[in-house]
Amino acid sequence: MSVKAPPADGFAASAPLVIIGAGAAGLCAALAAHEGGAEVIVLERDSLPRGSTALSAGLIPAAGTRFQRMLGIDDSPALFAADLKRKAHDEANPSIVDAIAREAGATVEWLAERYGLPFSVVHDFDYPGHSARRMHGLPSRSGAELIDRLRQAVEEAAIPIIVDATVTALYGGPDGIVRGVEITRPDGAMDSLGCRALILACNGYGGAPALVAQYIPEMKGALYFGHPGNRGDAVLWGQALGARLLHMSGYQGHGSVAHPHGILITWAAIMEGGFQVNISGARFSDESLGYSEQAAVVLAQPAGIAFDIFDERIAAIARQFEDFRQAEASGAVIDASTVEQLAERLNLPASALVQSFAEVEQAKRARAVDHFGRSFANAAPLLPPFKAVKVTGTLFHTQGGVAVDEQARVVSAHGMRLPNLFAAGGAAAGISGSHAGGYLSGNGLLTATVLGRIAGLSAAAALVK
Ligand SMILES: Cc1cc2nc3c(=O)[nH]c(=O)nc-3n(C[C@H](O)[C@H](O)[C@H](O)COP(=O)(O)OP(=O)(O)OC[C@H]3O[C@@H](n4cnc5c(N)ncnc54)[C@H](O)[C@@H]3O)c2cc1C
């Protein structure tokens, strides 16, 4: 990945604004830039835009929306911003956090009203760290539906998405101005495309094992559950152009991916009163801190394995997620009418599982905080039939990236704005700080959709100046 001098004989073609990556960030940026009057081309390495967006549950946190008001949920951007800052231990730039929390509601409503995305709020369980129910999702609660609907909106707006077009280099100079991109086709053919502004929307470095080992040693060798085409290009180009790299050790992990099925098991299984044990049948953590930090905690258990223990009531809530329905269909969800039978089916020591179960249920009855620090004050008891899934911890996506300002303009190592470079989604430094524990549920699509929209509007405004 390099930044080279523009071709001496000029570019084969050019567009005012080029966007690299057709995930949620790139497609939101394209829609916003088009609305802002910019002529835009999106370049995507795959034959069909999918990205990590398609692998996600498609949930976008937003505060003060009409969808929340319809359910009587009291929330505000200020409350949301406070939650984001608290979870990230105040490591993220507060003015960017405030801007994103403020714009999230407008972004969800924009996608709903202008492009017909039928959002609703996940209203039947709490996500860790959110002080209001504010996760907005589409009917299937899947990112595949989100990306398909965004792509449809982009196509209806007649914005070109060039697929099978991997950007393999940027053209620029020592002045930091990006002049164009080099495109490599699957058959090795190469093209060049000039531009006056560029948006990096090609996500992070989860698909680049060497960069993961360099920046996130605790996830070295861990299963990467995101899109394999996200190979850190934005970071490498940004570095070559003098951009500041920020929070490179930050990431979103997940401590509940069915093993060996490789299917995400919603954290509702835990937050609604479920818990995790290891292969000895013993609990090992306060699971309610969050699923992101739980990835490393689960991987540190013997064999890197844990079991989610819950019940039919919780499974009924989890069934709103396409992933969970798939997990059931593929046999990942084990059920039993007694805890002893569950232990037998999971091949766990029965006495240890019975004891772990009894301790959790006692903490619920006493409305107590357990010895890991988890409060069971409002949790319902687990009742038969009981459910369990064997899970492991994985890396979902990286949270470090090129630093941006409130307008999604890339910022240099010296704090100056790069002349015509913007970034959004996983390509930009996130708002989760430098640890997995700083990731508040939904931060990924939050910065993809909200910063994507901001990047598109800013780039369009810069072009018409
Ligand atoms: C299993 C899973 C579940 C998740 N669930 C949630 C959730 O419910 N809520 C949430 O907020 N977040 C969730 N996330 C995180 C979320 O999916 C990401 O943060 C978000 O999709 C990032 O969007 P993006 O547009 O930046 O990247 P992507 O959607 O990954 O899109 C980037 C695109 O860029 C393309 N690309 C990369 N390099 C190049 C190149 N050189 N040239 C051309 N194209 C290139 C890729 O092919 C890809 O299509 C989840 C992630 C995973 C893995």
# chains A, B, ... in the order shown; residues from 1 in each chain; ligands from 1
>>> residues_near_ligand(ligand="ligand 1", cutoff="6 Å", atoms="only C-alpha atoms and all ligand atoms", output="PyMOL selection string")
chain A and resi 20-26+43-46+49-53+55-60+165-168+201-203+225-227+229-230+233+396+425-427+442-446+448
>>> select_by_dssp(residues="segment 90-179 of chain A", states="strand (DSSP E)", output="list in words")
Ser120, Val121, Met135, His136, Gly137, Ile161, Ile162, Thr166, Val167, Thr168, Ala169, Leu170, Tyr171, Gly172, Val178 and Arg179 of chain A
>>> write_last_selection(atoms="C-alpha atoms", output="mmCIF file, in the first residue's frame")
data_model
loop_
_atom_site.group_PDB
_atom_site.id
_atom_site.type_symbol
_atom_site.label_atom_id
_atom_site.label_comp_id
_atom_site.auth_asym_id
_atom_site.auth_seq_id
_atom_site.Cartn_x
_atom_site.Cartn_y
_atom_site.Cartn_z
ATOM 1 C CA SER A 120 -37.433 0.225 15.353
ATOM 2 C CA VAL A 121 -35.886 0.238 18.817
ATOM 3 C CA MET A 135 -30.417 0.524 19.687
ATOM 4 C CA HIS A 136 -32.175 1.025 16.345
ATOM 5 C CA GLY A 137 -32.399 -1.908 13.964
ATOM 6 C CA ILE A 161 -20.597 1.880 -7.184
ATOM 7 C CA ILE A 162 -17.686 0.333 -9.078
ATOM 8 C CA THR A 166 -9.529 -2.711 -5.136
ATOM 9 C CA VAL A 167 -7.716 0.539 -4.498
ATOM 10 C CA THR A 168 -4.054 -0.447 -4.307
ATOM 11 C CA ALA A 169 -2.409 2.974 -4.029
ATOM 12 C CA LEU A 170 -3.207 6.658 -3.667
ATOM 13 C CA TYR A 171 -1.698 9.352 -5.832
ATOM 14 C CA GLY A 172 -0.521 12.373 -3.922
ATOM 15 C CA VAL A 178 -4.631 13.414 -2.750
ATOM 16 C CA ARG A 179 -4.892 13.577 -6.556
#
>>> select_by_dssp(residues="segment 349-437 of chain A", states="helix (DSSP H, G or I)", output="PyMOL selection string")
chain A and resi 350-365+425-427+436-437
>>> write_last_selection(atoms="all heavy atoms", output="short mmCIF file (atom, residue, chain, number, x, y, z; two decimals), in the first residue's frame")
data_model
loop_
_atom_site.label_atom_id
_atom_site.label_comp_id
_atom_site.auth_asym_id
_atom_site.auth_seq_id
_atom_site.Cartn_x
_atom_site.Cartn_y
_atom_site.Cartn_z
N ALA A 350 -20.95 -31.78 36.66
CA ALA A 350 -22.30 -31.40 37.08
C ALA A 350 -22.29 -30.62 38.39
O ALA A 350 -22.99 -29.62 38.54
CB ALA A 350 -23.17 -32.66 37.22
N SER A 351 -21.47 -31.07 39.35
CA SER A 351 -21.52 -30.41 40.66
C SER A 351 -21.09 -28.95 40.55
O SER A 351 -21.67 -28.05 41.18
CB SER A 351 -20.65 -31.15 41.67
OG SER A 351 -19.32 -31.20 41.17
N ALA A 352 -20.09 -28.69 39.71
CA ALA A 352 -19.60 -27.31 39.56
C ALA A 352 -20.66 -26.44 38.88
O ALA A 352 -20.92 -25.30 39.30
CB ALA A 352 -18.31 -27.30 38.74
N LEU A 353 -21.31 -26.97 37.84
CA LEU A 353 -22.33 -26.16 37.16
C LEU A 353 -23.52 -25.92 38.08
O LEU A 353 -24.05 -24.80 38.13
CB LEU A 353 -22.79 -26.84 35.86
CG LEU A 353 -23.76 -26.00 35.03
CD1 LEU A 353 -23.12 -24.69 34.59
CD2 LEU A 353 -24.28 -26.76 33.81
N VAL A 354 -23.92 -26.95 38.83
CA VAL A 354 -25.04 -26.78 39.78
C VAL A 354 -24.69 -25.69 40.79
O VAL A 354 -25.51 -24.82 41.11
CB VAL A 354 -25.36 -28.12 40.49
CG1 VAL A 354 -26.28 -27.91 41.69
CG2 VAL A 354 -25.99 -29.10 39.49
N GLN A 355 -23.46 -25.69 41.27
CA GLN A 355 -23.06 -24.68 42.26
C GLN A 355 -23.05 -23.27 41.64
O GLN A 355 -23.56 -22.32 42.23
CB GLN A 355 -21.67 -25.02 42.81
CG GLN A 355 -21.30 -24.09 43.96
CD GLN A 355 -19.89 -24.37 44.48
OE1 GLN A 355 -19.36 -25.46 44.31
NE2 GLN A 355 -19.30 -23.37 45.12
N SER A 356 -22.48 -23.14 40.45
CA SER A 356 -22.45 -21.82 39.78
C SER A 356 -23.87 -21.32 39.58
O SER A 356 -24.18 -20.14 39.83
CB SER A 356 -21.76 -21.92 38.41
OG SER A 356 -20.43 -22.32 38.57
N PHE A 357 -24.73 -22.20 39.13
CA PHE A 357 -26.13 -21.85 38.88
C PHE A 357 -26.80 -21.38 40.16
O PHE A 357 -27.47 -20.34 40.22
CB PHE A 357 -26.85 -23.08 38.30
CG PHE A 357 -28.21 -22.80 37.77
CD1 PHE A 357 -28.41 -22.53 36.42
CD2 PHE A 357 -29.31 -22.79 38.62
CE1 PHE A 357 -29.67 -22.27 35.93
CE2 PHE A 357 -30.57 -22.53 38.13
CZ PHE A 357 -30.76 -22.27 36.78
N ALA A 358 -26.60 -22.17 41.24
CA ALA A 358 -27.24 -21.86 42.52
C ALA A 358 -26.75 -20.50 43.05
O ALA A 358 -27.55 -19.71 43.58
CB ALA A 358 -26.94 -22.96 43.53
N GLU A 359 -25.47 -20.21 42.88
CA GLU A 359 -24.93 -18.93 43.37
C GLU A 359 -25.56 -17.76 42.63
O GLU A 359 -25.89 -16.73 43.23
CB GLU A 359 -23.40 -18.92 43.23
CG GLU A 359 -22.73 -19.76 44.31
CD GLU A 359 -21.22 -19.95 44.09
OE1 GLU A 359 -20.67 -19.33 43.15
OE2 GLU A 359 -20.62 -20.72 44.85
N VAL A 360 -25.70 -17.91 41.31
CA VAL A 360 -26.31 -16.82 40.53
C VAL A 360 -27.76 -16.63 40.96
O VAL A 360 -28.22 -15.50 41.20
CB VAL A 360 -26.22 -17.13 39.01
CG1 VAL A 360 -27.14 -16.21 38.21
CG2 VAL A 360 -24.79 -17.02 38.52
N GLU A 361 -28.50 -17.71 41.10
CA GLU A 361 -29.92 -17.59 41.46
C GLU A 361 -30.09 -17.03 42.87
O GLU A 361 -31.02 -16.26 43.13
CB GLU A 361 -30.62 -18.95 41.31
CG GLU A 361 -30.69 -19.42 39.86
CD GLU A 361 -31.31 -18.38 38.91
OE1 GLU A 361 -32.47 -17.96 39.14
OE2 GLU A 361 -30.63 -17.97 37.96
N GLN A 362 -29.17 -17.38 43.75
CA GLN A 362 -29.21 -16.82 45.11
C GLN A 362 -28.96 -15.31 45.06
O GLN A 362 -29.65 -14.53 45.73
CB GLN A 362 -28.17 -17.53 45.99
CG GLN A 362 -27.94 -16.93 47.38
CD GLN A 362 -29.24 -16.78 48.18
OE1 GLN A 362 -30.21 -17.54 47.98
NE2 GLN A 362 -29.28 -15.78 49.06
N ALA A 363 -27.99 -14.88 44.23
CA ALA A 363 -27.70 -13.44 44.10
C ALA A 363 -28.94 -12.70 43.57
O ALA A 363 -29.23 -11.58 43.98
CB ALA A 363 -26.49 -13.23 43.18
N LYS A 364 -29.67 -13.35 42.67
CA LYS A 364 -30.89 -12.72 42.14
C LYS A 364 -31.94 -12.56 43.25
O LYS A 364 -32.55 -11.50 43.40
CB LYS A 364 -31.48 -13.56 40.99
CG LYS A 364 -30.65 -13.51 39.72
CD LYS A 364 -31.27 -14.40 38.65
CE LYS A 364 -30.39 -14.48 37.43
NZ LYS A 364 -30.88 -15.46 36.44
N ARG A 365 -32.12 -13.64 44.01
CA ARG A 365 -33.14 -13.58 45.08
C ARG A 365 -32.77 -12.51 46.10
O ARG A 365 -33.63 -11.79 46.60
CB ARG A 365 -33.27 -14.94 45.77
CG ARG A 365 -34.09 -15.95 44.98
CD ARG A 365 -34.44 -17.17 45.81
NE ARG A 365 -33.26 -17.92 46.21
CZ ARG A 365 -32.65 -18.83 45.44
NH1 ARG A 365 -33.11 -19.11 44.24
NH2 ARG A 365 -31.57 -19.46 45.87
N GLY A 425 -16.24 5.67 9.72
CA GLY A 425 -16.37 4.25 10.06
C GLY A 425 -15.06 3.72 10.60
O GLY A 425 -14.28 4.43 11.24
N GLY A 426 -14.80 2.44 10.33
CA GLY A 426 -13.61 1.80 10.87
C GLY A 426 -12.30 2.33 10.32
O GLY A 426 -11.23 2.00 10.85
N ALA A 427 -12.33 3.14 9.28
CA ALA A 427 -11.10 3.74 8.75
C ALA A 427 -10.61 4.85 9.66
O ALA A 427 -9.41 5.12 9.75
CB ALA A 427 -11.34 4.28 7.34
N ALA A 436 -10.26 -2.46 24.65
CA ALA A 436 -11.50 -3.13 24.25
C ALA A 436 -12.66 -2.72 25.15
O ALA A 436 -13.81 -2.62 24.71
CB ALA A 436 -11.32 -4.64 24.30
N GLY A 437 -12.35 -2.46 26.42
CA GLY A 437 -13.40 -2.10 27.38
C GLY A 437 -14.02 -0.74 27.12
O GLY A 437 -15.04 -0.40 27.72
#
>>> residues_around(residues="segment 368-374 of chain A", least_positions_apart="6", cutoff="10 Å", atoms="only C-alpha atoms", output="PyMOL selection string")
chain A and resi 283-289+359-360+362
>>> closest_atom_pairs(of="segment 358-463 of chain A", to="segment 69-92 of chain A", cutoff="10 Å", atoms="only C-alpha atoms", output="tab-separated table")
residue	atom	partner	partner_atom	distance
A:Ala429	CA	A:Ala92	CA	9.2
A:Gly430	CA	A:Ala92	CA	7.8
A:Ile431	CA	A:Ala92	CA	5.1
A:Ser432	CA	A:Ala88	CA	5.0
A:Gly433	CA	A:Glu91	CA	4.9
A:Ser434	CA	A:Glu91	CA	7.4
A:His435	CA	A:Ala88	CA	7.9
A:Ala436	CA	A:Ala88	CA	9.0
A:Gly437	CA	A:Lys87	CA	7.2
A:Gly438	CA	A:Ala88	CA	3.8
A:Tyr439	CA	A:Ala88	CA	6.5
A:Leu440	CA	A:Lys87	CA	6.1
A:Ser441	CA	A:Leu84	CA	9.4
A:Asn443	CA	A:Leu84	CA	8.5
>>> write_last_selection(atoms="N, CA, C and O atoms", output="short mmCIF file (atom, residue, chain, number, x, y, z; two decimals), in the first residue's frame")
data_model
loop_
_atom_site.label_atom_id
_atom_site.label_comp_id
_atom_site.auth_asym_id
_atom_site.auth_seq_id
_atom_site.Cartn_x
_atom_site.Cartn_y
_atom_site.Cartn_z
N ALA A 429 -10.21 6.84 13.42
CA ALA A 429 -10.10 6.48 14.84
C ALA A 429 -11.50 6.56 15.44
O ALA A 429 -12.25 7.50 15.18
N GLY A 430 -11.85 5.55 16.23
CA GLY A 430 -13.19 5.50 16.80
C GLY A 430 -13.30 6.35 18.05
O GLY A 430 -12.42 7.17 18.35
N ILE A 431 -14.38 6.15 18.78
CA ILE A 431 -14.61 6.93 20.00
C ILE A 431 -14.62 6.00 21.21
O ILE A 431 -15.28 6.25 22.21
N SER A 432 -13.83 4.88 21.09
CA SER A 432 -13.82 3.88 22.15
C SER A 432 -12.53 3.92 22.97
O SER A 432 -12.35 3.06 23.85
N GLY A 433 -11.63 4.86 22.67
CA GLY A 433 -10.36 4.91 23.40
C GLY A 433 -9.45 3.76 23.00
O GLY A 433 -9.61 3.13 21.95
N SER A 434 -8.49 3.47 23.86
CA SER A 434 -7.40 2.57 23.47
C SER A 434 -7.53 1.14 24.02
O SER A 434 -6.58 0.37 23.94
N HIS A 435 -8.70 0.82 24.60
CA HIS A 435 -8.89 -0.54 25.15
C HIS A 435 -10.20 -1.13 24.66
O HIS A 435 -11.15 -0.39 24.38
N ALA A 436 -10.26 -2.46 24.65
CA ALA A 436 -11.50 -3.13 24.25
C ALA A 436 -12.66 -2.72 25.15
O ALA A 436 -13.81 -2.62 24.71
N GLY A 437 -12.35 -2.46 26.42
CA GLY A 437 -13.40 -2.10 27.38
C GLY A 437 -14.02 -0.74 27.12
O GLY A 437 -15.04 -0.40 27.72
N GLY A 438 -13.42 0.05 26.23
CA GLY A 438 -13.97 1.38 25.94
C GLY A 438 -15.06 1.36 24.90
O GLY A 438 -15.67 2.38 24.60
N TYR A 439 -15.30 0.16 24.35
CA TYR A 439 -16.29 0.05 23.26
C TYR A 439 -17.69 -0.05 23.84
O TYR A 439 -18.04 -1.03 24.50
N LEU A 440 -18.50 0.96 23.61
CA LEU A 440 -19.91 0.91 24.01
C LEU A 440 -20.69 0.27 22.86
O LEU A 440 -20.46 0.59 21.68
N SER A 441 -21.61 -0.64 23.19
CA SER A 441 -22.35 -1.37 22.16
C SER A 441 -22.84 -0.43 21.07
O SER A 441 -23.50 0.57 21.38
N ASN A 443 -20.90 1.24 18.91
CA ASN A 443 -19.96 2.28 18.48
C ASN A 443 -19.52 2.10 17.03
O ASN A 443 -19.15 3.06 16.36
#
>>> closest_atom_pairs(of="segment 1-97 of chain A", to="segment 453-464 of chain A", cutoff="8 Å", atoms="only C-alpha atoms", output="JSON lines")
{"residue": "A:Pro16", "atom": "CA", "partner": "A:Leu463", "partner_atom": "CA", "distance": 7.4}
{"residue": "A:Leu17", "atom": "CA", "partner": "A:Ala459", "partner_atom": "CA", "distance": 7.5}
{"residue": "A:Ala25", "atom": "CA", "partner": "A:Arg453", "partner_atom": "CA", "distance": 7.5}
{"residue": "A:Cys28", "atom": "CA", "partner": "A:Arg453", "partner_atom": "CA", "distance": 5.2}
{"residue": "A:Ala29", "atom": "CA", "partner": "A:Gly456", "partner_atom": "CA", "distance": 4.0}
{"residue": "A:Ala30", "atom": "CA", "partner": "A:Gly456", "partner_atom": "CA", "distance": 6.0}
{"residue": "A:Leu31", "atom": "CA", "partner": "A:Gly456", "partner_atom": "CA", "distance": 7.3}
{"residue": "A:Ala32", "atom": "CA", "partner": "A:Gly456", "partner_atom": "CA", "distance": 4.9}
{"residue": "A:Ala33", "atom": "CA", "partner": "A:Gly456", "partner_atom": "CA", "distance": 4.1}
{"residue": "A:His34", "atom": "CA", "partner": "A:Ala460", "partner_atom": "CA", "distance": 7.7}
{"residue": "A:Glu35", "atom": "CA", "partner": "A:Leu457", "partner_atom": "CA", "distance": 7.9}
{"residue": "A:Gly36", "atom": "CA", "partner": "A:Ala460", "partner_atom": "CA", "distance": 5.4}
{"residue": "A:Gly37", "atom": "CA", "partner": "A:Ala460", "partner_atom": "CA", "distance": 6.4}
{"residue": "A:Ala38", "atom": "CA", "partner": "A:Ala460", "partner_atom": "CA", "distance": 5.1}
>>> closest_residue(among="A:Gly262, A:Gly194, A:Gly176, A:Gly255", to="Leu421 of chain A", atoms="only C-alpha atoms")
A:Gly176
>>> residues_around(residues="Ile309 of chain A", least_positions_apart="2", cutoff="7 Å", atoms="only C-alpha atoms", output="list in words")
Gly274, Phe275, Gln276, Phe307, Lys387, Ala388 and Val389 of chain A
>>> residues_around(residues="Phe324 of chain A", least_positions_apart="5", cutoff="7 Å", atoms="only C-alpha atoms", output="list in words")
Ile265, Ala318 and Arg319 of chain A
>>> closest_residue(among="A:Asp323, A:Glu328, A:Asp308, A:Asp126", to="Val391 of chain A", atoms="only C-alpha atoms")
A:Asp308
>>> closest_residue(among="A:Gln326, A:Ser14, A:Ser2, A:Ser192", to="Leu241 of chain A", atoms="only C-alpha atoms")
A:Ser2
>>> atom_distance(atom1="atom CA of His414 of chain A", atom2="atom CA of Ala428 of chain A")
16.9 Å
>>> atom_distance(atom1="atom CA of Asp187 of chain A", atom2="atom CA of Trp237 of chain A")
23.5 Å
>>> atom_distance(atom1="atom CA of Ala210 of chain A", atom2="atom CA of Ile147 of chain A")
28.3 Å
>>> closest_residue(among="A:Glu182, A:Asp164, A:Asp148, A:Asp124", to="Ala5 of chain A", atoms="only C-alpha atoms")
A:Glu182
>>> decode(residues="segment 63-76 of chain A", atoms="N, CA, C and O atoms", output="CSV table (one decimal), in the first residue's frame")
chain,number,residue,atom,x,y,z
A,63,ALA,N,-30.0,8.7,20.1
A,63,ALA,CA,-30.8,9.2,21.3
A,63,ALA,C,-31.8,10.3,20.8
A,63,ALA,O,-31.5,11.1,20.0
A,64,GLY,N,-33.0,10.3,21.5
A,64,GLY,CA,-34.0,11.3,21.2
A,64,GLY,C,-34.7,11.2,19.9
A,64,GLY,O,-35.2,12.1,19.3
A,65,THR,N,-34.8,9.9,19.4
A,65,THR,CA,-35.5,9.7,18.1
A,65,THR,C,-37.0,9.6,18.2
A,65,THR,O,-37.5,9.3,19.3
A,66,ARG,N,-37.7,9.7,17.1
A,66,ARG,CA,-39.1,9.5,17.2
A,66,ARG,C,-39.4,8.1,17.5
A,66,ARG,O,-40.5,7.7,18.0
A,67,PHE,N,-38.5,7.1,17.1
A,67,PHE,CA,-38.8,5.7,17.4
A,67,PHE,C,-38.8,5.5,18.9
A,67,PHE,O,-39.5,4.7,19.4
A,68,GLN,N,-37.9,6.2,19.6
A,68,GLN,CA,-37.9,6.0,21.0
A,68,GLN,C,-39.1,6.7,21.6
A,68,GLN,O,-39.7,6.1,22.5
A,69,ARG,N,-39.5,7.9,21.1
A,69,ARG,CA,-40.6,8.6,21.7
A,69,ARG,C,-41.9,7.7,21.5
A,69,ARG,O,-42.8,7.7,22.4
A,70,MET,N,-42.0,7.0,20.4
A,70,MET,CA,-43.2,6.2,20.2
A,70,MET,C,-43.3,5.1,21.3
A,70,MET,O,-44.4,4.7,21.6
A,71,LEU,N,-42.2,4.7,21.9
A,71,LEU,CA,-42.2,3.7,23.0
A,71,LEU,C,-42.1,4.4,24.3
A,71,LEU,O,-42.0,3.7,25.3
A,72,GLY,N,-42.2,5.7,24.4
A,72,GLY,CA,-42.1,6.4,25.7
A,72,GLY,C,-40.7,6.3,26.3
A,72,GLY,O,-40.6,6.4,27.5
A,73,ILE,N,-39.7,6.1,25.5
A,73,ILE,CA,-38.3,6.1,26.1
A,73,ILE,C,-37.8,7.5,26.2
A,73,ILE,O,-37.7,8.2,25.2
A,74,ASP,N,-37.4,7.8,27.4
A,74,ASP,CA,-36.8,9.2,27.6
A,74,ASP,C,-35.3,9.1,27.4
A,74,ASP,O,-34.6,8.4,28.1
A,75,ASP,N,-34.8,9.9,26.5
A,75,ASP,CA,-33.4,9.9,26.2
A,75,ASP,C,-33.0,11.2,25.6
A,75,ASP,O,-33.8,12.0,25.2
A,76,SER,N,-31.7,11.5,25.6
A,76,SER,CA,-31.2,12.7,25.0
A,76,SER,C,-29.7,12.5,24.5
A,76,SER,O,-29.0,11.6,25.0
